[in-house]
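Structure first, then comments.
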Amino acid sequence: MKRKRTSRIPVGAPTLTKDDFKSDQDVRWCPSCGDYSILAQTQRTLPELGIPKENIVFISGIGCSSRFPYYMNTYGFHTIHGRAPTIASGVKMANPELSVWVITGDGDALSIGGNHFIHLMRRNFDINVLLFNNRVYGLTKGQYSPTSERGQKMYQSASIGSLDTPFNPLSLALASGATFVARSVDVHTDHLRPMLKAAFEHKGTSFIEIYQNCHIFNDDTFILQRKKEHKTDHTVLLEHGEPLVFGAEHDKGIRLNGFQPEVVDLTDGEHTIDDLIVHDQHAEDTTLANFLAGMSDTPDLPHPMGIFRSVQHPCYENLMTNQIRTATERMGEGDLDALLHDGETWIVS
Amino acid sequence: MKRKRTSRIPVGAPTLTKDDFKSDQDVRWCPSCGDYSILAQTQRTLPELGIPKENIVFISGIGCSSRFPYYMNTYGFHTIHGRAPTIASGVKMANPELSVWVITGDGDALSIGGNHFIHLMRRNFDINVLLFNNRVYGLTKGQYSPTSERGQKMYQSASIGSLDTPFNPLSLALASGATFVARSVDVHTDHLRPMLKAAFEHKGTSFIEIYQNCHIFNDDTFILQRKKEHKTDHTVLLEHGEPLVFGAEHDKGIRLNGFQPEVVDLTDGEHTIDDLIVHDQHAEDTTLANFLAGMSDTPDLPHPMGIFRSVQHPCYENLMTNQIRTATERMGEGDLDALLHDGETWIVS
Amino acid sequence: MRKPVEQIEAATILFAGDSGDGSQTIGTQMTETTALIGNDVATLPDYPAEIRAPAGSLAGVSGFQLHFSSEQIHTPGDLCDVLVAMNPAALKVQLHKLKPNGILIVNTDNFARRNLRLAGYEEDPLESQDLTKYQVFGVELTSLTRKALETTQLSTSEIDRCKNFFALGMILWLYNRPMEYTMKWIKAKYAKSPQYIEPNILALRAGNTYCDMTEQFAVSYDVKPATFEPGTYRNIEGNMATVLGLIAASHQSGLPLVYGSYPITPASDILHGLAKYRNFGVVTMQMEDEIAAVGVAIGAAFSGALGVTGSSGPGLALKAEAINLAMIAELPIVVCNIQRAGPSTGMPTKTEQSDLLQMFYGRNGESPIPIVASSRPFDCFEAVYEACRIAVKYRTPVIFLSDLYIGMGAEPWKIPELSELPEIKPNFTTSAGPSDEFEPYLRDPETLARPWAKPGTLGLEHRIGGLEKSDVTGHVSYDPENHEKMVEIRAEKVARIANDIPPTEIFGAQEGDILLLGWGGTFGALRTAAENYVAEGLPIGHVHLRHLNPFPNDLGDILNRFKKILIPELNSGQLLQLIRATYLIDAIGINKVQGQPFHVFELHTKIDEILKEIEHF
Amino acid sequence: MRKPVEQIEAATILFAGDSGDGSQTIGTQMTETTALIGNDVATLPDYPAEIRAPAGSLAGVSGFQLHFSSEQIHTPGDLCDVLVAMNPAALKVQLHKLKPNGILIVNTDNFARRNLRLAGYEEDPLESQDLTKYQVFGVELTSLTRKALETTQLSTSEIDRCKNFFALGMILWLYNRPMEYTMKWIKAKYAKSPQYIEPNILALRAGNTYCDMTEQFAVSYDVKPATFEPGTYRNIEGNMATVLGLIAASHQSGLPLVYGSYPITPASDILHGLAKYRNFGVVTMQMEDEIAAVGVAIGAAFSGALGVTGSSGPGLALKAEAINLAMIAELPIVVCNIQRAGPSTGMPTKTEQSDLLQMFYGRNGESPIPIVASSRPFDCFEAVYEACRIAVKYRTPVIFLSDLYIGMGAEPWKIPELSELPEIKPNFTTSAGPSDEFEPYLRDPETLARPWAKPGTLGLEHRIGGLEKSDVTGHVSYDPENHEKMVEIRAEKVARIANDIPPTEIFGAQEGDILLLGWGGTFGALRTAAENYVAEGLPIGHVHLRHLNPFPNDLGDILNRFKKILIPELNSGQLLQLIRATYLIDAIGINKVQGQPFHVFELHTKIDEILKEIEHF
Ligand SMILES: Cc1ncc(C[n+]2csc(CCOP(=O)(O)OP(=O)(O)O)c2C)c(N)n1
Ligand SMILES: Cc1ncc(C[n+]2csc(CCOP(=O)(O)OP(=O)(O)O)c2C)c(N)n1
Ligand code: SF4
Ligand code: SF4
Ligand SMILES: [Mg+2]
Ligand SMILES: [Mg+2]
């Protein structure tokens with residue numbers, strides 16, 4: 001792991017706590033909203049990163065989730081719908097020392113903001129993107145979003161059901177060249193915190209899809225992946241170098257059948273752990289990561305949780321800084337007076 | 001193959017010819033521009049589709065390529081930059097009988113229009129999208145585009161080279177749920193025409209990436225895939241159910257090594273055709289298609305040409321028409337007077 | 001024992017509580033009941049900020065104000081006769097709207113220390129001296145409801161959710177309204193969860209009986225039915241009237257309706273509303289953003305449908321480039337802007353009229369577009385229908401302006417006869433004409449409209465686009481004189497719509513001291529103010545513009561007949577700017593930019609000032 | 001033998017040919033040479049429509065007009081003294097710009113039947129009577145060049161590409177200009193392909209000698225140097241001056257420059273130009289669209305940099321929503337609009353001034369933004385620098401208006417001393433202040449600017465956004481009075497910039513009959529017209545506005561000193577609309593919407609009319 005550019009808290013300085021990251025504003029989400037947990041895990045994780053809080057910036061778009069920056073006692077900017085990635089790019093480019101976090105929703109990131117999302121992924125700024133996926137527009141009261149299931153009748157908008165095939169946010173991110181792609185769940189606090197940390201440690205754009213419950217407009221859409229009683233059978237934890245095993249008794253696994261994933265029973269005497277796919281999060285080729293991402297689109301397969309891909313590519317801001325350095329070496333530090341007099345001049349006296 | 005909704009020319013009616021599809025406008029591209037060939041192949045293919053020309057609509061955005069509709073003696077709309085997919089959706093939805101073609105460039109479709117592009121793919125209107133990929137902004141005189149290679153110095157814009165990782169248009173389309181994805185080359189006329197025809201025959205959104213030469217601002221960017229002397233070694237033709245063989249002497253093939261593609265020599269005595277990947281364009285799972293799409297991002301691998309994926313999913317306009325039919329069956333044909341009097345009313349006399 | 005009934009002309013009631021307290025529901029019930037009895041009614045729902053506020057907090061207060069009368073009324077009322085405050089936060093936020101000596105009903109069960117603190121009260125206002133100028137009725141709404149429902153099978157939290165009907169029962173008693181309508185509604189609403197029917201009805205009755213039995217209110221009131229023009233009436237919200245107007249335009253023109261939209265407050269309800277009427281062939285498409293939404297409308301219009309899109313301020317900003325395409329391509333689409341308080345995200349749940357100049361000028365180049373504004377909830381029907389008529393007849397995008405206040409407000413509407421609706425004729429071109437060469441920019445000599453030739457029509461194949469087009473042929477043209485000519489034609493086409501507008505109606509004085517000139521959702525306040533002065537015999541007139549672009553041909557004349565032109569607007573003076581530039585008249589603005597409608601008394605204050613000034617001259 | 005030399009004051013030359021004929025190159029060479037000699041120069045490149053037109057077609061004609069003089073001049077000239085037409089299409093398109101008896105040089109080798117047909121000539125114009133009112137010089141440019149270069153190693157098609165230098169050689173002879181500058185340029189240009197150096201120089205010399213040896217031209221002309229203020233000069237294009245102005249503002253303020261953009265004609269050259277100066281720390285980001293581009297500028301400003309974005313009309317429409325965010329967040333960004341002919345895609349390679357009202361009003365809600373316009377190519381430097389100064393001082397987005405005509409035109413520029421440049425001080429806040437609670441909306445009492453606190457500064461952590469903000473604290477607020485107050489503060493902040501503007505300069509009469517009031521790229525035509533009338537002693541003044549929002553404080557007074565206010569604009573009357581509304585003055589527009597700049601004679605015609613009217617009164 002390369003050292004982050006972001007400056008670190010000097011050794012010996014008082015360590016920060018969760019409370020240092022709470023702003024003075026009342027938190028305003030509905031009771032039981034999944035956003036509370038994500039906020040709490042973020043406030044718990046940030047002190048562990050060892051960076052001064054004045055160097056942290058949260059940028060969001062519009063949506064329930066996008067209120068997040070108001071509750072963080074860091075720098076924050078609640079911008080406009082879908083555009084947070086562009087503003088975050090400007091923030092990071094103007095000051096690469098900052099630790100920049102984008103908070104977005106499934107509508108904000110994938111509907112109106114879809115283009116900025118995919119372009120952010122390919123540029124690979126060192127920015128962390130947290131997508132709160134509740135498969136619904138919360139703030140505008142329950143219309144379907146690009147991740148809503150087809151045919152699902154929503155609170156008000158598609159009274160006869162959505163006709164659109166949902167996006168898989170991870171597949172889109174991977175196809176756009178994302179270098180760090182992960183998934184977690186709002187209430188799986190012990191999983192979410194390490195994911196946040198890993199996203200921060202990754203140098204380049206880190207993208208985490210977080211399954212989030214909207215209690216009011218789309219309750220329990222992720223019930224199988226969120227609830228204790230279901231999740232062992234409906235999620236599979238990705239660990240680098242480990243086979244894909246899941247189930248309450250670690251009794252099931254995923255193997256490859258041609259190009260298709262298949263669940264096998266490890267207790268049936270026919271299959272063993274050696275038949276299973278072994279995860280390689282550092283593979284440069286995206287075939288495996290794509291394959292894992294696609295699993296959540298296939299009924300009856302467990303949804304992978306964890307880091308799908310984590311590879312090192314150059315960051316945009318570093319490439320740009322290098323260009324500036326090279327140009328300065330080649331042409332010398334900019335001399336304004338010389339620049340104004342560039343080319344042919346003549347003197348009138 | 002299901003029958004298209006688009007109405008067909010009645011039997012016995014005079015058949016159309018290429019000339020019927022030429023408008024009265026002078027064609028205005030630079031000499032040697034690849035767009036000429038694509039125009040000619042389209043004008044040659046349309047008469048073979050058996051549909052009346054008044055039922056054909058070409059919709060484009062802005063760019064050199066987007067001038068295309070002016071040269072077609074069909075209905076045409078040269079709209080605004082990046083938005084052709086949205087306007088085409090409206091055209092098709094308002095009249096599903098029409099055969100709708102979107103003409104777009106790499107900048108138009110993937111830069112400003114990236115969001116509409118991915119959403120069009122997931123909605124699966126029965127629309128054909130031809131993306132003229134010349135890896136440059138032609139009309140605005142040579143800036144880099146989202147498909148330009150990183151570090152490439154362009155005519156004027158990135159005097160120090162682009163910093164962005166290019167998009168792979170096919171990967172993006174697949175990740176967005178595209179049901180028909182293909183690739184061809186402007187001057188490979190015998191390949192391009194069948195691709196156009198297959199796109200038309202496919203019921204759902206058909207996407208063809210066409211490698212196109214911009215003679216002025218990005219000459220020979222696809223030299224290895226376009227030129228006769230190179231193409232046998234640098235492209236591999238996809239045929240459903242056939243192994244991936246290429247080379248002038250059909251002497252090379254692609255096999256799977258773990259999750260990575262690998263070129264093997266079929267004449268070295270060690271490898272046979274049985275080791276090779278066999279193409280399955282109808283696979284519901286996108287792993288193979290993704291894998292093939294990724295090949296062009298890997299140096300030294302041949303670029304696949306042909307149909308990557310072709311699967312049948314419901315079309316948006318049919319789902320909508322069904323909703324209308326169902327609602328009408330359930331609630332009766334709309335009665336305006338009754339609607340206005342809906343709910344509680346009272347009479348003042 | 002029934003207490004004395006006092007005849008009054010009008011009353012204004014404000015229900016206020018937490019978002020979850022059901023104020024909107026009982027407000028709507030009271031409105032419907034009152035409308036059915038024959039009163040004139042106007043309502044103003046006042047939603048909390050677009051934030052999920054903690055229960056009991058000031059930010060979470062939701063209000064519903066309703067004004068009913070035996071006379072014609074135009075506004076939901078300035079100050080209220082009755083305030084129902086379900087908790088201390090509601091009291092704190094809304095008390096300033098209660099008239100001195102007004103009736104204040106509070107749910108005392110909610111005045112525990114925690115709630116007081118959340119509302120920012122240091123001490124219990126019910127115990128302090130602050131409320132002495134009101135008639136305070138503390139009612140243990142929660143406990144009383146629980147008691148009334150103790151025999152039902154519901155859990156306590158379910159029972160508590162019925163307490164709004166207890167409050168409604170009290171109000172129905174107070175104004176001598178029947179409970180039948182509400183009972184019917186409860187039965188329909190809970191048809192699929194019948195366990196809730198009985199309890200809610202019980203709560204309603206309990207509230208009603210409570211007033212009958214206790215000595216709470218000395219009198220009850222009666223408001224006689226208003227005199228309405230004969231006809232069939234219903235109660236309608238502005239956004240719903242817009243929905244019906246669009247469907248009517250589609251139906252009467254025979255053009256299928258394609259509505260492309262992206263959700264945004266307060267326009268989303270039009271999308272929700274239209275989506276229900278697939279049996280009218282209505283296609284609604286929730287698109288990925290506002291640009292895609294207007295793109296769909298444009299494509300639909302090119303295909304020969306009625307293409308419509310709708311949004312609010314920020315969404316309109318995004319649509320500008322594409323609306324300009326529709327303008328130069330001369331395609332008929334209707335763009336609905338349900339305005340809210342800007343700038344930027346602004347205050348999304350508050351009203352404002354501050355997008356007028358954006359609609360006029362918010363596009364690059366010379367881009368004239370007709371603008372039609374609705375003035376009150378029911379008027380949305382006629383105004384949006386008129387927008388469709390102009391779009392189709394003149395082949396042009398038309399902007400329909402509404403706002404949050406009228407979009408969410410409700411009032412009785414006299415349902416029109418279908419035969420009264422103006423004609424909308426698409427007049428599609430079906431053949432190329434004598435020259436045999438179809439000319440897509442050959443114009444109707446009267447309207448300057450260009451032909452509308454649908455794809456699918458043999459022989460009319462043609463190409464259009466956003467580059468300047470040659471007159472008549474429609475080919476791409478960079479010719480300087482042609483460009484100037486096309487710019488002029490497009491302006492002239494819009495200007496000629498004025499020939500198609502009925503003479504402007506002036507309410508009150510036809511000439512004299514002051515003309516109140518308004519547009520949009522301020523109609524009610526302006527008309528009420530004007531009525532008041534006219535009743536006093538003062539030479540004051542009121543003109544409310546339906547057409548903002550172009551202005552009516554007779555407007556200049558009318559303005560010249562008054563000494564002072566007053567233009568009240570919920571913005572910093574946008575119509576004002578246009579009127580001054582067009583007519584070089586020193587018109588004066590009355591401006592309020594608070595996210596709130598005008599109170600009639602605010603207008604009176606300013607008008608009185610001006611009247612004084614005029615006298616001093 | 002050297003022929004007689006005639007002294008003249010000024011000359012206008014128009015080079016015209018196919019896009020590939022190199023007219024732009026030799027036009028630029030003639031400009032540079034002429035500027036170096038000390039003439040005043042003004043140029044107008046006239047690109048073909050944004051279409052790749054077939055060789056020899058009318059649509060493919062590219063022109064470059066240049067006007068030089070021994071006096072100060074302000075325009076590239078109305079009609080030309082010399083027209084160089086490389087083919088029949090160029091002749092057909094440009095002949096109307098040649099003065100009667102003007103010199104017409106044509107490349108007769110290109111007048112074959114095919115080319116005539118492409119240009120739409122039925123018969124050869126060189127043989128018909130049509131050209132008798134000009135001095136026609138048919139030159140076999142292609143054959144002569146081939147002959148001159150026959151000893152070189154180049155292929156015929158390579159040789160043919162040198163023929164523009166043959167033509168330039170002739171023109172340099174005709175106006176007695178040295179060839180050295182061009183030779184130096186050729187050597188530098190082909191340093192990496194040296195095989196082209198000699199042939200191009202040969203062609204240049206051949207053209208020059210050709211005039212010396214043949215009897216073609218009876219006289220040659222000399223234009224003496226103009227008198228310029230003392231100083232160091234260079235020739236500069238408007239877009240390049242914008243590039244330098246932005247870099248200067250970054251350098252002088254110490255703020256890093258971050259330019260987010262998306263290519264669009266005619267703004268792309270600013271992106272291209274800035275990208276070259278990474279050694280000034282300049283960051284340019286070619287983004288996915290115009291929204292992303294302004295997003296980058298906003299983010300950069302939040303981070304404490306000078307955030308700038310640039311585009312043209314359609315791009316500006318797309319940026320509106322985000323500019324509004326910068327406005328309410330009160331972040332300093334500069335938005336450059338290099339206007340082109342609209343509406344919609346319009347005529348992308350033609351000029352216009354029709355985005356003024358879009359810049360004023362093209363955003364939802366009340367959204368006041370300062371607007372600064374440049375008036376001529378070199379003025380772009382000062383104007384965009386001023387835009388940066390206002391943005392930083394007042395913490396507000398500022399719009400910088402330029403247009404295709406000045407952006408692509410060139411003229412001599414007196415290079416400023418760095419010490420003359422106004423100060424730009426970011427004044428970042430570095431500590432929370434006495435209360436220890438940082439208040440991000442506490443204002444500077446004079447400018448009303450709010451603090452600029454960069455992320456990374458300990459103790460100033462704060463949150464901003466597009467929802468309405470509470471005065472002082474910056475918390476989200478839906479309070480009605482606060483909203484009105486904030487709307488007023490934002491308007492007042494922009495209004496106060498007027499206190500920071502120097503008194504308006506009136507050229508010519510300080511009071512009298514007519515004031516020509518203009519803005520932007522029409523400066524040259526207006527000033528020339530004014531000079532002509534002033535020279536005749538007529539009471540006519542000229543004011544050219546740099547600041548369009550706010551207007552200068554003294555403007556109202558000035559307007560009142562003239563009988564008639566004439567506002568010439570390349571639009572349908574946009575400044576006109578603002579002036580009428582603001583000052584209630586019956587100003588009159590002179591409007592041209594042809595994608596072309598004013599000719600001075602067009603202004604004269606209108607002014608004469610008005611003068612006559614005034615006399616009749
Ligand atoms: C330009 C614009 N269009 C539309 C809206 C209305 N709007 C606000 S948030 C939102 C969607 C929110 O959904 P999501 O991003 O999933 O966030 P959530 O509320 O579910 O957290 C919409 C449509 C807006 N504010 N701005
Ligand atoms: C809103 C808007 N932004 C920018 C432009 C300028 N523009 C026109 S075409 C184009 C890019 C063209 O590139 P591409 O789509 O690859 O088409 P090509 O010309 O290469 O065929 C750009 C940036 C525009 N017309 N409209
Ligand atoms: S609406 Fe849904 S997402 Fe929004 S705050 Fe409430 S529970 Fe959370
Ligand atoms: S610029 Fe390139 S893409 Fe455009 S017409 Fe010329 S060769 Fe073709
Ligand atoms: Mg959501
Ligand atoms: Mg391209």
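A note on labels: chains of the structure tokens are A, B, ... as shown, every chain counts residues from 1, and ligands are counted from 1 in their shown order.
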
Within 8 Å of ligand 5 (only C-alpha atoms and all ligand atoms), residues as a PyMOL selection string: chain A and resi 63-65+105-108+132-139+145+214

If we count only C-alpha atoms and set the cut-off at 8 Å, which residues sit around stretch 506-510 of chain D, ignoring sequence neighbours fewer than 2 positions away in its own chain? Please answer as a list in words.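 Returned residues: Thr504, Gly512, Ala530, Glu531, Val534, Leu538, Pro539, Ile540, Gly541, His542, Val543 and Arg561 of chain D.
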
Show me which bits of chain B are within 7 Å of chain C, counting only C-alpha atoms, as an MDAnalysis selection string. chainID B and resid 54:55 69:70 73:80 83 86:91 94:95 323:324 327:328 331:334 336:337 340 344:349

Any residue with an atom at most 12 Å from ligand 3 counts, using only C-alpha atoms and all ligand atoms. Which are they? Put them as number ranges by chain. A: 27-39, 62-68, 104-107, 132-143, 155, 186, 211-221; C: 50-54

Kindly provide the residues of chain B that approach chain A to within 8 Å, each paired with its closest atom pair and their distance in Å to one decimal, based on only C-alpha atoms, listed by chain and increasing number, as a Markdown table.
| residue | atom | partner | partner_atom | distance |
| --- | --- | --- | --- | --- |
| B:Ser111 | CA | A:Asn115 | CA | 7.8 |
| B:Ile112 | CA | A:Asn115 | CA | 7.7 |
| B:Gly113 | CA | A:Asn115 | CA | 7.6 |
| B:Gly114 | CA | A:Asn115 | CA | 5.2 |
| B:Asn115 | CA | A:Asn115 | CA | 4.5 |
| B:Arg122 | CA | A:Thr165 | CA | 5.5 |
| B:Arg123 | CA | A:Asp164 | CA | 5.2 |
| B:Ile160 | CA | A:Gln323 | CA | 7.6 |
| B:Leu163 | CA | A:Tyr316 | CA | 6.6 |
| B:Asp164 | CA | A:Arg123 | CA | 5.2 |
| B:Thr165 | CA | A:Arg122 | CA | 5.5 |
| B:Pro166 | CA | A:Arg122 | CA | 7.2 |
| B:Phe167 | CA | A:Ser176 | CA | 6.2 |
| B:Asn168 | CA | A:Ala175 | CA | 7.5 |
| B:Ser171 | CA | A:Ala175 | CA | 5.4 |
| B:Leu172 | CA | A:Ala175 | CA | 5.3 |
| B:Ala175 | CA | A:Leu172 | CA | 5.3 |
| B:Ser176 | CA | A:Phe167 | CA | 6.2 |
| B:Gly177 | CA | A:Phe167 | CA | 7.5 |
| B:Phe259 | CA | A:Thr287 | CA | 6.1 |
| B:Gln260 | CA | A:Asp285 | CA | 6.8 |
| B:Asp285 | CA | A:Gln260 | CA | 6.8 |
| B:Thr287 | CA | A:Phe291 | CA | 5.9 |
| B:Leu288 | CA | A:Phe259 | CA | 6.5 |
| B:Asn290 | CA | A:Thr287 | CA | 7.0 |
| B:Phe291 | CA | A:Thr287 | CA | 5.9 |
| B:Tyr316 | CA | A:Leu163 | CA | 6.6 |
| B:Leu319 | CA | A:Leu163 | CA | 6.8 |
| B:Met320 | CA | A:Leu163 | CA | 7.6 |
| B:Gln323 | CA | A:Ile160 | CA | 7.6 |

Could you list, as number ranges by chain, the residues of chain D having an atom within 8 Å of chain C when counting only C-alpha atoms? D: 49, 313-314, 316-322, 324-325, 328, 341-347, 353-355, 357-359, 361-367, 466-468, 478-484, 487, 571-572, 577-582, 584-586, 592-596

Quick one: everything within 12 Å of stretch 150-158 of chain C, counting only C-alpha atoms, minus sequence neighbours fewer than 4 positions away in the same chain. Send it as a PyMOL selection string. chain C and resi 20-21+142-146+162-164+194-203

Using backbone DSSP assignments, extract all alpha helix (DSSP H) residues from stretch 4-246 of chain B; output them as number ranges by chain. B: 35-45, 84-94, 106-107, 114-123, 169-175, 189-201, 223-226, 228-234

Find, counting only C-alpha atoms and all ligand atoms, the residue in D:Gln24, D:Ser311, D:Thr242, D:Ser253 that gets nearest to ligand 2.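 Smallest distance to ligand 2 is found for D:Ser311.
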
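Interatomic distance, atom CA of C:Ile159 to atom CA of C:Asp109: 14.3 Å.
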